[in-house]
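Peer 1: The structure under discussion is supplied below as structure tokens; questions concerning it will follow.
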Amino acid sequence: MRASELLNLEVRTESGQRLGRAHDLRAELTTRSLKVTGICVGTRGLLERLGIRSPESSGRAHAHDVVPWSAVLRADRRGIVVRDGTKPK
Amino acid sequence: MKKIFQIALGILAAIGGFVDIGDLVFNVQAGAKFGYELLWVVVVGVVGIIVYSEMCGRVAAVSKRPVFDAIRERLGFGVGLGALIASEIVNLMTLAAEVGGVALVLQLLSGLPYRVLILVGIAGLAVAIWVAPFDWIERIFGYGGLALLVFAVGAVKLHPDWGSVSHGFVPHVSSSDKLVYAYFAVGLLGAAMTPYEVYFYSSGAVEEGWTPKDIGLNRANSMIGYGLGGFLSFALMITAGALFLPLGIEPELIGTVALGAQVPLGAIGLLLALVGILFAVGGAAIDTCFSGAYNLAQFFGWEWGKYRRPSGAPRFTLAWLALLGLALLVIMSGIDPVLLTEYAVIFSVVALPLTYIPILLVANDRSYMGRYVNGRLANALGLFYLVVIGLVALSAIPLMILTNQGQG
Amino acid sequence: MSSPEELDLGLGLLDHQLVDSEGRRCGNVDDLELEGVREGSPRVVAILVGPPVWRGRGRLGRLAAWLAPGQTVRIPWEEVEAIDSAVHLKRTSQELRLGRGDDRARRWVDWIPGS
């Protein structure tokens with residue numbers, strides 16, 4: 001699967017609650033790999049995508065509005081489905 | 001000491017380069033129509049370009065990346081490509097108008113046929129870029145453009161009503177012909193804040209290998225260079241206001257513009273004016289041409305650089321050659337360069353937000369800029385100008401249509 | 001790097017400049033290949049470069065892909081040396097088969113004297 005196919009997909013819970021669009025993919029970079037750890041959702045995610053940072057954060061990443069990948073049940077062309085009760089933090 | 005000398009040289013060369021055909025046309029026409037009433041708009045425009053070029057220079061010095069990279073990175077492939085296409089179209093129009101301007105001046109100087117001189121002009125520019133080291137090009141065209149200072153001398157000699165002139169620096173709206181006034185205000189802002197200057201400046205900064213130590217130099221460059229360019233714009237508008245407005249002349253020809261120096265200063269004034277226009281517009285043509293090639297190369301990730309041997313950046317080289325070729329076709333079609341200039345400036349105004357939004361965003365990104373991120377002043381000014389640019393971009397084409405390009 | 005660093009794929013990686021080991025600019029990150037999405041442990045395995053890749057980047061992307069010549073180049077993630085505002089690669093563009101557009105264009109430019 002390609003990153004372009006995941007980006008901008010709609011993120012929904014199992015029961016259909018819409019959490020927003022996947023504006024970006026949070027990843028963890030090590031010397032050996034780049035693992036996707038979460039999805040940036042919601043309107044806050046859009047501001048992040050354009051690069052506007054809130055004063056508390058340092059570096060590239062934002063702690064807010066990221067759905068951890070561990071909550072993802074399914075991710076394909078139809079959309080991303082996460083467990084019920086998942087709230088972006 | 002050597003550094004100061006270098007800075008002075010750079011700034012001198014830059015002044016000549018900051019007035020292009022758009023500034024010439026709009027400043028003179030605005031002066032002929034509204035006298036000194038639009039001088040304050042020029043100030044707004046000059047401060048705007050200083051604010052944004054300082055940001056671009058800082059981004060280039062800290063991140064070693066030029067502005068157009070940020071456009072694709074921040075706006076994505078689709079929107080970025082749209083921005084690229086829009087900026088290439090405007091670049092091409094501007095370049096064709098500048099080549100036409102060069103040909104017109106050559107015609108006034110030599111009497112040879114216009115179409116022949118278009119070919120001479122294009123060939124001359126292409127050969128100059130190909131053969132001469134770029135510092136030489138910047139110096140020759142920059143110093144040549146300084147001849148435009150004759151308009152400053154001429155403006156004083158015309159004895160304008162300095163009271164009215166100073167009143168023109170105070171922001172106000174004309175009592176008559178409000179729409180036409182607004183059209184010229186938009187055009188003046190567009191001519192002062194042309195995107196290609198910003199792209200060219202930022203790419204140049206990366207090529208010169210600026211580092212954070214050069215940030216002070218960057219600020220000085222922007223302020224003095226563009227400031228003095230603004231000074232030349234004032235001279236043009238004051239000349240037009242003092243000379244053309246009372247006589248009811250609406251300058252549609254480059255020759256009329258040069259009259260502005262001939263009337264107060266005689267034959268020497270005319271000659272210096274023509275030489276100044278030739279080099280300023282010719283230099284601007286080179287900058288525009290490279291800016292178009294920079295944008296393409298930076299969007300697609302090709303190698304680029306004006307200091308490289310042509311074979312060091314082949315697609316970049318072919319890009320600027322192709323742009324000159326296309327400009328040749330456009331201007332050979334017989335379109336009036338002054339009319340084309342007006343369209344180019346108005347269309348570039350519409351594209352301005354796409355240019356400046358990414359600059360403001362990147363200049364605020366701490367991961368890009370570290371501690372050199374925008375301070376409160378830069379952001380306040382940047383946001384203010386973004387609003388101005390937004391308003392101007394929305395109203396440009398409606399105003400152009402409603403006022404029939406300033407004819408009223 | 002001892003501690004893992006966080007990176008946003010869209011903002012920090014996608015559409016960024018690629019620079020080879022000799023400092024040569026050789027394209028942009030046009031897309032990223034992911035593996036392990038279905039299994040719940042997605043990771044980036046390769047960088048994808050080239051006009052055919054643009055098909056996945058929107059309507060203008062599809063148009064551009066249709067008009068532009070060139071092939072897809074796949075750069076395995078192991079070839080990445082470092083990431084700052086650009087993506088730095090461990091080997092030369094020649095070895096990675098990047099920047100071939102410039103090689104093709106050079107043949108034309110070389111015809112002109114003084115290049």
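Every chain in the structure tokens takes a letter, A first, then B, and so on in the order presented; its residues are numbered from 1, and the ligands are numbered from 1 following the presented order.
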For region 30-44 of chain C, find every residue with an atom within 6 Å (counting only C-alpha atoms), except residues of its own chain fewer than 4 positions away, and show them as a list in words.

Peer 2: Met1, Arg2, Ala3, Leu34, Lys35 and Val36 of chain A; Asp15, Leu48 and Val49 of chain C

Peer 1: Within 9 Å of chain C, which residues of chain B are there when counting only C-alpha atoms? Please give them as a PyMOL selection string.

Peer 2: chain B and resi 63-65+69-70+72-74+76-79+81-82+130-131+298-304+309-318+367-368

Peer 1: Under the rule that only C-alpha atoms are counted, which of C:Gly23, C:Ile47, C:Glu95, C:His88 is the nearest residue to Val73 (chain C)?

Peer 2: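 Using only C-alpha atoms, the shortest distance to Val73 (chain C) belongs to C:Ile47.
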
Peer 1: With a distance cut-off of 7 Å and only C-alpha atoms, select the neighbouring residues of region 336-338 of chain B, excluding the residue or stretch itself and same-chain residues fewer than 5 positions from it, and output the selection as a PDB file with N, CA and C atoms, in the first residue's frame.

Peer 2:
```pdb
ATOM      1  N   VAL B  25       5.715  50.743 -16.027  1.00  0.00           N
ATOM      2  CA  VAL B  25       4.396  51.020 -16.603  1.00  0.00           C
ATOM      3  C   VAL B  25       3.425  51.538 -15.547  1.00  0.00           C
ATOM      4  N   ALA B  97       6.874  40.338 -22.008  1.00  0.00           N
ATOM      5  CA  ALA B  97       6.714  41.786 -21.929  1.00  0.00           C
ATOM      6  C   ALA B  97       8.065  42.469 -21.763  1.00  0.00           C
ATOM      7  N   GLY B 100       9.900  42.418 -24.976  1.00  0.00           N
ATOM      8  CA  GLY B 100       9.302  43.444 -25.835  1.00  0.00           C
ATOM      9  C   GLY B 100       9.778  44.832 -25.444  1.00  0.00           C
ATOM     10  N   GLY B 101       9.870  45.084 -24.141  1.00  0.00           N
ATOM     11  CA  GLY B 101      10.343  46.373 -23.661  1.00  0.00           C
ATOM     12  C   GLY B 101      11.771  46.639 -24.108  1.00  0.00           C
ATOM     13  N   GLU B 252       1.399  55.519 -23.042  1.00  0.00           N
ATOM     14  CA  GLU B 252       1.144  54.152 -23.463  1.00  0.00           C
ATOM     15  C   GLU B 252       2.391  53.543 -24.081  1.00  0.00           C
TER      16      GLU B 252
END
```

Peer 1: At most 9 Å is the cut-off: for each residue in chain A with any atom that close to an atom of chain C, write down the nearest atom pair and the distance in Å rounded to one decimal, counting only C-alpha atoms, chain first then increasing number, as CSV.

Peer 2:
```
residue,atom,partner,partner_atom,distance
A:Met1,CA,C:Leu34,CA,5.3
A:Arg2,CA,C:Glu33,CA,4.7
A:Ala3,CA,C:Leu32,CA,5.2
A:Ser4,CA,C:Gly56,CA,6.2
A:Glu5,CA,C:Gly56,CA,7.2
A:Leu7,CA,C:Gly10,CA,8.0
A:His23,CA,C:Gly10,CA,7.9
A:Asp24,CA,C:Gly10,CA,5.4
A:Leu25,CA,C:Leu9,CA,5.4
A:Arg26,CA,C:Asp8,CA,4.6
A:Ala27,CA,C:Leu7,CA,5.2
A:Glu28,CA,C:Glu6,CA,4.7
A:Leu29,CA,C:Glu5,CA,5.0
A:Thr30,CA,C:Pro4,CA,5.0
A:Thr31,CA,C:Met1,CA,6.2
A:Arg32,CA,C:Glu78,CA,7.2
A:Ser33,CA,C:Arg43,CA,7.4
A:Leu34,CA,C:Val44,CA,5.5
A:Lys35,CA,C:Arg43,CA,4.1
A:Val36,CA,C:Arg43,CA,5.4
A:Thr37,CA,C:Pro42,CA,7.9
A:Cys40,CA,C:Asp8,CA,8.8
A:Glu48,CA,C:Leu11,CA,8.2
A:Arg49,CA,C:Leu11,CA,5.8
A:Leu50,CA,C:Leu11,CA,7.5
A:Gly51,CA,C:Leu11,CA,7.2
A:Gly59,CA,C:Glu6,CA,8.5
A:Arg60,CA,C:Leu7,CA,6.3
A:Ala61,CA,C:Glu6,CA,6.0
A:Trp69,CA,C:Gly40,CA,7.3
A:Ser70,CA,C:Gly40,CA,7.1
A:Val72,CA,C:Gly40,CA,7.4
A:Leu73,CA,C:Gly40,CA,7.9
A:Arg74,CA,C:Arg38,CA,7.0
A:Ala75,CA,C:Arg38,CA,6.9
A:Asp76,CA,C:Arg38,CA,8.3
```

Peer 1: At most 8 Å is the cut-off: for each residue in chain B with any atom that close to an atom of chain A, write down the nearest atom pair and the distance in Å rounded to one decimal, counting only C-alpha atoms, chain first then increasing number, as a Markdown table.

Peer 2:
```
| residue | atom | partner | partner_atom | distance |
| --- | --- | --- | --- | --- |
| B:Arg74 | CA | A:Leu50 | CA | 5.5 |
| B:Leu75 | CA | A:Leu50 | CA | 7.1 |
| B:Leu361 | CA | A:Gly51 | CA | 6.3 |
| B:Val362 | CA | A:Gly51 | CA | 7.0 |
| B:Asn364 | CA | A:Ile52 | CA | 6.9 |
| B:Asp365 | CA | A:Gly51 | CA | 6.1 |
| B:Arg366 | CA | A:Gly59 | CA | 6.7 |
| B:Ser367 | CA | A:Gly59 | CA | 5.2 |
```

Peer 1: What is the CA of Trp40 (chain B)-CA of Ile359 (chain B) distance in Å, reported with one decimal?

Peer 2: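 Spanning CA of Trp40 (chain B) to CA of Ile359 (chain B) is a straight-line distance of 25.1 Å.
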
Peer 1: At a cut-off of 9 Å, using only C-alpha atoms, what residues contact Pro171 (chain B)? Leave out same-chain residues fewer than 4 positions from it and give the result as a VMD selection string.

Peer 2: chain B and resid 37 to 41 167

Peer 1: Hey, can you spit out that residue selection with N, CA and C atoms as a PDB file, in the first residue's frame?

Peer 2:
```
ATOM      1  N   GLU B  37      -0.979  60.999  -5.756  1.00  0.00           N
ATOM      2  CA  GLU B  37      -1.887  60.428  -4.759  1.00  0.00           C
ATOM      3  C   GLU B  37      -1.630  58.977  -4.437  1.00  0.00           C
ATOM      4  N   LEU B  38      -0.891  58.262  -5.281  1.00  0.00           N
ATOM      5  CA  LEU B  38      -0.677  56.834  -5.020  1.00  0.00           C
ATOM      6  C   LEU B  38       0.717  56.532  -4.468  1.00  0.00           C
ATOM      7  N   LEU B  39       1.470  57.547  -4.105  1.00  0.00           N
ATOM      8  CA  LEU B  39       2.819  57.311  -3.592  1.00  0.00           C
ATOM      9  C   LEU B  39       2.794  56.413  -2.365  1.00  0.00           C
ATOM     10  N   TRP B  40       1.779  56.554  -1.505  1.00  0.00           N
ATOM     11  CA  TRP B  40       1.737  55.755  -0.283  1.00  0.00           C
ATOM     12  C   TRP B  40       1.579  54.267  -0.613  1.00  0.00           C
ATOM     13  N   VAL B  41       0.904  53.967  -1.715  1.00  0.00           N
ATOM     14  CA  VAL B  41       0.737  52.561  -2.106  1.00  0.00           C
ATOM     15  C   VAL B  41       2.096  51.941  -2.449  1.00  0.00           C
ATOM     16  N   HIS B 167       1.815  64.946   0.629  1.00  0.00           N
ATOM     17  CA  HIS B 167       0.459  64.497   0.932  1.00  0.00           C
ATOM     18  C   HIS B 167       0.190  63.137   0.311  1.00  0.00           C
TER      19      HIS B 167
END
```

Peer 1: Restricting the calculation to only C-alpha atoms: of B:Met55, B:Val275, B:Val102, B:Val43, which residue gets closest to Gly375 (chain B)?

Peer 2: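 Nearest to Gly375 (chain B): B:Met55.
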
Peer 1: Which parts of chain C does DSSP call alpha helix (DSSP H) when run on the backbone here, written out as number ranges by chain?

Peer 2: C: 9-12, 59-67, 93-96, 100-109
